[in-house]
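Asker: File name entry_23.cif; file contents mmCIF, C-alpha atoms; full text below.
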data_run
loop_
_atom_site.label_atom_id
_atom_site.label_comp_id
_atom_site.auth_asym_id
_atom_site.auth_seq_id
_atom_site.Cartn_x
_atom_site.Cartn_y
_atom_site.Cartn_z
CA MET A 5 225.44 46.36 70.00
CA ARG A 6 221.63 46.34 70.07
CA ARG A 7 220.07 45.30 66.78
CA ARG A 8 217.34 47.44 65.31
CA PRO A 9 214.07 45.74 64.37
CA GLY A 10 213.83 44.86 60.71
CA ILE A 11 211.11 45.89 58.26
CA ALA A 12 209.27 42.59 58.81
CA GLY A 13 209.20 43.15 62.55
CA LEU A 14 207.81 46.66 62.16
CA GLN A 15 205.15 45.38 59.78
CA ASN A 16 204.15 42.67 62.25
CA ALA A 17 203.93 45.23 65.07
CA ALA A 18 201.77 47.53 62.94
CA ALA A 19 199.49 44.63 61.96
CA THR A 20 199.10 43.68 65.63
CA ARG A 21 198.18 47.26 66.56
CA ASP A 22 195.61 47.32 63.75
CA LYS A 23 194.08 44.09 65.05
CA PHE A 24 193.80 45.48 68.57
CA ARG A 25 192.31 48.70 67.19
CA LEU A 26 189.70 46.79 65.20
CA VAL A 27 188.83 44.62 68.20
CA GLY A 28 188.45 47.75 70.34
CA GLU A 29 186.22 49.42 67.75
CA ASN A 30 184.06 46.31 67.46
CA VAL A 31 183.66 46.07 71.23
CA ALA A 32 182.74 49.76 71.44
CA LYS A 33 180.23 49.34 68.61
CA VAL A 34 178.63 46.33 70.30
CA ARG A 35 178.35 48.23 73.57
CA THR A 36 176.86 51.24 71.80
CA ASP A 37 174.34 49.06 69.96
CA VAL A 38 173.35 47.33 73.22
CA MET A 39 172.94 50.67 75.02
CA GLN A 40 170.85 52.09 72.17
CA GLU A 41 168.70 48.98 72.19
CA GLN A 42 168.23 49.25 75.96
CA LEU A 43 167.32 52.95 75.69
CA ALA A 44 164.84 52.24 72.90
CA THR A 45 163.25 49.53 75.05
CA PHE A 46 163.09 51.86 78.03
CA ARG A 47 161.54 54.66 75.97
CA SER A 48 158.92 52.22 74.72
CA GLN A 49 158.18 51.17 78.28
CA LEU A 50 158.07 54.83 79.31
CA GLU A 51 155.46 55.55 76.63
CA GLU A 52 153.40 52.59 77.83
CA PHE A 53 153.75 53.84 81.41
CA ALA A 54 152.58 57.30 80.27
CA ARG A 55 149.52 55.84 78.58
CA LYS A 56 148.64 53.83 81.66
CA HIS A 57 149.10 56.70 84.14
CA LYS A 58 148.06 59.64 81.95
CA SER A 59 145.45 60.85 84.42
CA ASP A 60 147.83 60.72 87.41
CA ILE A 61 150.56 62.56 85.50
CA ARG A 62 148.20 65.40 84.61
CA LYS A 63 146.49 65.70 87.99
CA ASN A 64 149.15 64.78 90.58
CA SER A 65 152.01 67.29 90.82
CA VAL A 66 154.33 64.93 92.75
CA PHE A 67 153.72 62.08 90.31
CA ARG A 68 154.27 64.51 87.42
CA GLN A 69 157.66 65.56 88.81
CA GLN A 70 158.73 61.93 89.23
CA PHE A 71 157.68 61.24 85.64
CA HIS A 72 159.83 64.13 84.38
CA GLU A 73 162.79 62.77 86.35
CA MET A 74 162.35 59.34 84.73
CA CYS A 75 162.22 60.97 81.29
CA ALA A 76 165.40 62.95 81.95
CA LYS A 77 167.33 59.75 82.73
CA VAL A 78 166.80 58.48 79.19
CA GLY A 79 167.16 61.84 77.45
CA VAL A 80 163.46 62.41 76.78
CA ASP A 81 162.02 65.92 77.10
CA PRO A 82 158.20 65.79 77.00
CA LEU A 83 158.16 69.59 76.79
CA ALA A 84 160.48 69.90 73.80
CA SER A 85 157.56 70.32 71.42
CA ASN A 86 153.79 70.48 71.38
CA LYS A 87 153.91 67.97 68.56
CA GLY A 88 154.72 64.29 68.66
CA VAL A 89 154.00 61.31 70.83
CA TRP A 90 154.23 63.06 74.22
CA ALA A 91 151.84 65.84 73.28
CA GLU A 92 149.40 63.23 71.96
CA LEU A 93 149.80 60.99 74.99
CA LEU A 94 149.66 63.57 77.75
CA GLY A 95 148.97 67.04 76.46
CA ILE A 96 151.45 68.33 79.04
CA GLY A 97 152.98 70.66 76.47
CA ASP A 98 149.69 72.56 76.49
CA PHE A 99 149.64 72.40 80.30
CA TYR A 100 153.02 74.14 80.63
CA TYR A 101 152.24 76.58 77.82
CA GLU A 102 149.10 77.69 79.68
CA LEU A 103 151.03 77.84 82.94
CA GLY A 104 153.72 80.00 81.33
CA VAL A 105 151.15 82.49 80.06
CA GLN A 106 149.64 82.72 83.56
CA ILE A 107 153.09 83.25 85.09
CA VAL A 108 153.73 86.16 82.70
CA ASP A 109 150.35 87.69 83.63
CA ILE A 110 151.06 87.47 87.36
CA CYS A 111 154.61 88.83 87.07
CA ILE A 112 153.39 91.83 85.07
CA ALA A 113 150.47 92.44 87.45
CA THR A 114 152.70 92.39 90.56
CA ARG A 115 155.67 94.23 89.06
CA SER A 116 154.66 97.63 90.44
CA HIS A 117 154.62 96.10 93.92
CA ASN A 118 157.76 93.95 93.89
CA GLY A 119 159.88 95.50 91.14
CA GLY A 120 159.76 92.41 88.95
CA LEU A 121 161.21 90.04 91.55
CA ILE A 122 158.74 87.61 93.13
CA ASP A 123 159.25 84.72 95.51
CA LEU A 124 158.65 81.37 93.81
CA LEU A 125 156.36 80.24 96.63
CA GLU A 126 154.31 83.42 96.38
CA LEU A 127 154.09 82.98 92.61
CA ARG A 128 152.90 79.41 93.08
CA LYS A 129 150.23 80.53 95.55
CA LEU A 130 148.96 83.23 93.16
CA LEU A 131 148.94 80.74 90.28
CA CYS A 132 146.75 78.36 92.28
CA GLN A 133 144.38 81.21 93.09
CA LYS A 134 144.23 82.16 89.42
CA ARG A 135 143.62 78.55 88.38
CA LYS A 136 141.18 78.03 91.29
CA THR A 137 143.00 74.92 92.46
CA ASP A 138 144.68 73.89 95.71
CA LEU A 139 148.43 74.05 96.26
CA GLY A 140 148.78 70.29 95.96
CA SER A 141 147.79 70.38 92.29
CA LEU A 142 150.74 72.56 91.31
CA SER A 143 154.34 72.13 92.45
CA SER A 144 157.32 74.44 92.45
CA ASP A 145 158.84 72.05 89.92
CA ASP A 146 155.91 72.74 87.56
CA CYS A 147 156.56 76.48 87.87
CA LEU A 148 160.28 76.08 87.22
CA ARG A 149 159.66 73.98 84.10
CA ALA A 150 157.19 76.52 82.73
CA ILE A 151 159.60 79.39 83.44
CA SER A 152 162.43 77.57 81.66
CA LYS A 153 160.26 77.52 78.53
CA LEU A 154 159.71 81.28 78.78
CA LYS A 155 163.40 81.89 78.09
CA VAL A 156 162.78 81.39 74.38
CA LEU A 157 160.82 84.64 74.46
CA GLY A 158 163.98 86.51 75.34
CA SER A 159 161.98 88.45 77.90
CA GLY A 160 164.40 88.15 80.81
CA PHE A 161 162.46 85.55 82.80
CA GLU A 162 164.75 83.54 85.03
CA VAL A 163 165.04 82.07 88.51
CA ILE A 164 167.75 83.26 90.90
CA SER A 165 168.70 81.86 94.29
CA VAL A 166 169.05 84.21 97.24
CA GLY A 167 169.95 82.31 100.37
CA LYS A 168 167.44 79.49 100.74
CA LYS A 169 164.85 81.23 98.59
CA LYS A 170 164.21 81.09 94.86
CA LEU A 171 163.09 84.34 93.26
CA VAL A 172 161.58 84.72 89.80
CA ARG A 173 162.92 87.73 87.92
CA SER A 174 160.82 89.15 85.09
CA VAL A 175 162.84 92.28 84.36
CA PRO A 176 166.47 92.50 83.14
CA THR A 177 167.80 93.84 86.45
CA GLU A 178 171.45 93.07 87.16
CA LEU A 179 172.04 92.24 90.82
CA ASN A 180 175.56 92.04 92.23
CA LYS A 181 176.81 90.32 95.40
CA ASP A 182 175.99 93.35 97.54
CA HIS A 183 172.37 93.36 96.38
CA ASN A 184 171.99 89.60 96.83
CA GLY A 185 173.46 89.85 100.33
CA ILE A 186 170.93 92.52 101.32
CA LEU A 187 168.04 90.49 99.88
CA GLU A 188 169.17 87.46 101.86
CA LEU A 189 169.51 89.54 105.03
CA ALA A 190 165.98 90.93 104.54
CA GLN A 191 164.49 87.45 104.61
CA ALA A 192 164.54 87.44 108.42
CA LYS A 193 162.15 90.34 108.94
CA GLY A 194 161.22 91.50 105.47
CA TYR A 195 163.23 94.70 105.87
CA VAL A 196 166.72 96.00 106.69
CA THR A 197 168.17 99.27 107.96
CA VAL A 198 171.41 100.95 106.96
CA GLU A 199 172.81 100.27 110.43
CA GLN A 200 171.92 96.58 110.20
CA VAL A 201 173.63 96.24 106.82
CA GLU A 202 176.74 98.01 108.11
CA LYS A 203 176.94 95.75 111.16
CA ASP A 204 176.24 92.41 109.47
CA PHE A 205 178.54 92.94 106.50
CA SER A 206 181.13 95.28 108.05
CA TRP A 207 180.44 97.78 105.27
CA SER A 208 180.94 101.52 105.27
CA THR A 209 177.85 103.71 105.45
CA GLY A 210 178.37 104.83 101.86
CA ARG A 211 178.50 101.27 100.52
CA ALA A 212 175.35 100.26 102.41
CA ILE A 213 173.37 103.32 101.28
CA ASP A 214 174.55 102.96 97.68
CA ALA A 215 173.39 99.33 97.47
CA LEU A 216 170.07 100.07 99.18
CA GLU A 217 169.34 103.10 97.01
CA THR A 218 170.04 101.05 93.87
CA LEU A 219 167.53 98.44 95.00
CA LEU A 220 165.08 101.25 95.75
CA LYS A 221 165.50 102.76 92.27
CA GLU A 222 164.96 99.34 90.68
CA GLY A 223 161.62 99.10 92.47
CA LEU A 224 162.67 96.14 94.62
CA ALA A 225 162.52 98.05 97.92
CA MET A 226 160.00 100.30 99.68
CA ILE A 227 160.80 102.97 102.26
CA ASP A 228 159.21 103.14 105.71
CA ASP A 229 160.12 106.25 107.74
CA GLY A 230 157.31 106.02 110.28
CA HIS A 231 159.16 104.61 113.29
CA ARG A 232 159.88 106.30 116.61
CA ASP A 233 163.55 105.39 116.52
CA GLY A 234 163.90 107.49 113.37
CA LYS A 235 165.59 104.65 111.46
CA ARG A 236 164.53 104.19 107.87
CA ARG A 237 163.35 100.70 107.01
CA TYR A 238 163.90 99.29 103.52
CA TRP A 239 161.14 96.75 102.93
CA PHE A 240 161.43 94.05 100.27
CA PRO A 241 158.07 92.65 99.15
CA CYS A 242 159.82 90.03 97.01
CA VAL A 243 161.26 88.25 100.07
CA THR A 244 158.53 88.91 102.63
CA LEU A 245 156.84 85.61 103.47
CA SER A 246 153.15 85.61 104.24
CA SER A 247 151.83 82.95 106.59
CA ASP A 248 150.30 81.12 103.62
CA ALA A 249 153.58 81.04 101.74
CA SER A 250 155.41 79.78 104.82
CA GLY A 251 152.96 76.95 105.14
CA SER A 252 153.31 76.01 101.50
CA GLU A 253 157.10 75.76 101.62
CA ALA A 254 156.99 72.31 103.12
CA LYS A 255 154.79 71.14 100.24
CA SER A 256 156.95 72.48 97.43
#
Can the structure in the file be given as structure tokens, please?

Answerer:
Amino acid sequence: MRRRPGIAGLQNAAATRDKFRLVGENVAKVRTDVMQEQLATFRSQLEEFARKHKSDIRKNSVFRQQFHEMCAKVGVDPLASNKGVWAELLGIGDFYYELGVQIVDICIATRSHNGGLIDLLELRKLLCQKRKTDLGSLSSDDCLRAISKLKVLGSGFEVISVGKKKLVRSVPTELNKDHNGILELAQAKGYVTVEQVEKDFSWSTGRAIDALETLLKEGLAMIDDGHRDGKRRYWFPCVTLSSDASGSEAKS
């Protein structure tokens, strides 16, 4: 018959478990302390780096993006507040605040034309024109960071992906899969027809017309009935690439 462990044996086992638990907690604490020390050192070095390269960070969009990526790796957000060491070192909080205000101005000014949905590359080009700078001084990453800060306004500003394109939405329009599919299809020529939508998506005529008419009512599409074939074209200014925007895509 198997003997059960006595009280002394159970006490010894419990004491052993407590020892292992304490050792584990001490090891975890040491590791945490070491990691915190390493992060503090890295943050200090990051601040020194920022002081040394302040001019490049403010003027060079590529360098600025790389700096943000370094900050993210150690949990630092230079845009979290306009106060504190980063605002004093770089003033980039003011840079993105100004950029955000300009983005709002452009979105409102172009809303009657594009229905509140503008291509990120087109927005970037208009921003550079407004700021009287070349495209190299402002990256798509800068625009995205400024837009992310606009969310606190609760004004519906957000970035959506349609195919390979990023579109900035400044109105609370709800787009479903049908609408996104049509917008992606329109990227080829800037417009679609009912017949094209039916063929590409294997939709019924009613479904195609319903989705297109919704986009038309939202101000995202424009009608063109002036063709000899008699087919109505639904144009989408928000996805129509100009030659300038096409050229800037490689630089974004």

Asker: Leaving out A:Arg135 and any residue of its chain fewer than 3 positions from it, which residues lie within 12 Å of it when counting all atoms listed in the file, given as a ChimeraX atom specification?

Answerer: /A:99,102-103,105-107,110,128-132,138-139,141-142

Asker: Could those selected residues go to a file with C-alpha atoms, as a tab-separated table (two decimals), keeping the file's coordinate frame?

Answerer:
chain	number	residue	atom	x	y	z
A	99	PHE	CA	149.64	72.40	80.30
A	102	GLU	CA	149.10	77.69	79.68
A	103	LEU	CA	151.03	77.84	82.94
A	105	VAL	CA	151.15	82.49	80.06
A	106	GLN	CA	149.64	82.72	83.56
A	107	ILE	CA	153.09	83.25	85.09
A	110	ILE	CA	151.06	87.47	87.36
A	128	ARG	CA	152.90	79.41	93.08
A	129	LYS	CA	150.23	80.53	95.55
A	130	LEU	CA	148.96	83.23	93.16
A	131	LEU	CA	148.94	80.74	90.28
A	132	CYS	CA	146.75	78.36	92.28
A	138	ASP	CA	144.68	73.89	95.71
A	139	LEU	CA	148.43	74.05	96.26
A	141	SER	CA	147.79	70.38	92.29
A	142	LEU	CA	150.74	72.56	91.31

Asker: For a quick check of your reading of the model, name the residues lying within 6 Å of the coordinate (155.6, 75.3, 83.1), counting all atoms listed in the file, and write them as a compact mmCIF listing (two decimals) with C-alpha atoms, keeping the file's coordinate frame.

Answerer:
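Saved file out-v2.txt follows:
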# COMPACT_ATOMS: atom_id res chain seq x y z
CA TYR A 100 153.02 74.14 80.63
CA LEU A 103 151.03 77.84 82.94
CA GLY A 104 153.72 80.00 81.33
CA ASP A 146 155.91 72.74 87.56
CA CYS A 147 156.56 76.48 87.87
CA ARG A 149 159.66 73.98 84.10
CA ALA A 150 157.19 76.52 82.73
CA ILE A 151 159.60 79.39 83.44

Asker: Please identify all polymer residues within 6 Å of stretch 164-174 of chain A, counting only C-alpha atoms, omitting same-chain residues fewer than 6 positions from it, and present them as a PyMOL selection string.

Answerer: chain A and resi 120-124+188

Asker: Could you give me, as a ChimeraX atom specification, the residues that sit within 12 Å of (152.2, 65.2, 90.4) in the file's coordinates, counting all atoms listed in the file?

Answerer: /A:57-73,96,139-146,255-256

Asker: For A:Thr177, find every residue with an atom within 12 Å (counting all atoms listed in the file), except residues of its own chain fewer than 5 positions away, and show them as a ChimeraX atom specification.

Answerer: /A:119-121,159-162,164,172,183-184,218-219,221-224

Asker: Can you work out the spacing between atom CA of A:Gly97 and atom CA of A:Leu125 in Å, to one decimal?

Answerer: 22.6 Å

Asker: What gap, in Å, lies between atom CA of A:Val80 and atom CA of A:Tyr101?

Answerer: 18.1 Å

Asker: Give me, as an mmCIF file with C-alpha atoms, in the frame of the given file, all polymer residues having an atom no more than 12 Å from A:Val198, counting only C-alpha atoms and skipping those fewer than 5 positions away in the same chain.

Answerer:
data_model
loop_
_atom_site.group_PDB
_atom_site.id
_atom_site.type_symbol
_atom_site.label_atom_id
_atom_site.label_comp_id
_atom_site.auth_asym_id
_atom_site.auth_seq_id
_atom_site.Cartn_x
_atom_site.Cartn_y
_atom_site.Cartn_z
ATOM 1 C CA ILE A 186 170.930 92.520 101.320
ATOM 2 C CA LEU A 189 169.510 89.540 105.030
ATOM 3 C CA ALA A 190 165.980 90.930 104.540
ATOM 4 C CA LYS A 203 176.940 95.750 111.160
ATOM 5 C CA ASP A 204 176.240 92.410 109.470
ATOM 6 C CA PHE A 205 178.540 92.940 106.500
ATOM 7 C CA SER A 206 181.130 95.280 108.050
ATOM 8 C CA TRP A 207 180.440 97.780 105.270
ATOM 9 C CA SER A 208 180.940 101.520 105.270
ATOM 10 C CA THR A 209 177.850 103.710 105.450
ATOM 11 C CA GLY A 210 178.370 104.830 101.860
ATOM 12 C CA ARG A 211 178.500 101.270 100.520
ATOM 13 C CA ALA A 212 175.350 100.260 102.410
ATOM 14 C CA ILE A 213 173.370 103.320 101.280
ATOM 15 C CA ASP A 214 174.550 102.960 97.680
ATOM 16 C CA ALA A 215 173.390 99.330 97.470
ATOM 17 C CA LEU A 216 170.070 100.070 99.180
ATOM 18 C CA GLU A 217 169.340 103.100 97.010
ATOM 19 C CA ILE A 227 160.800 102.970 102.260
ATOM 20 C CA GLY A 234 163.900 107.490 113.370
ATOM 21 C CA LYS A 235 165.590 104.650 111.460
ATOM 22 C CA ARG A 236 164.530 104.190 107.870
ATOM 23 C CA ARG A 237 163.350 100.700 107.010
ATOM 24 C CA TYR A 238 163.900 99.290 103.520
ATOM 25 C CA TRP A 239 161.140 96.750 102.930
#

Asker: Just to confirm, what's the straight-line distance from atom CA of A:Asp233 to atom CA of A:Gly185 in Å (one decimal)?

Answerer: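 Spanning atom CA of A:Asp233 to atom CA of A:Gly185 is a straight-line distance of 24.5 Å.
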
Asker: So which residues get picked by the PyMOL selection byres ((chain A and resi 244) around 9) here, written as a list in words?

Answerer: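 Evaluating the PyMOL selection byres ((chain A and resi 244) around 9) on this file yields Asp123, Ala190, Gln191, Ala192, Lys193, Gly194, Tyr195, Trp239, Phe240, Pro241, Cys242, Val243, Leu245 and Ser246 of chain A.
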
Asker: Just checking: using only C-alpha atoms, which residue out of A:Val175, A:Val163, A:Ala76, A:Leu50 ends up closest to A:Thr114?

Answerer: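 Smallest distance to A:Thr114 is found for A:Val175.
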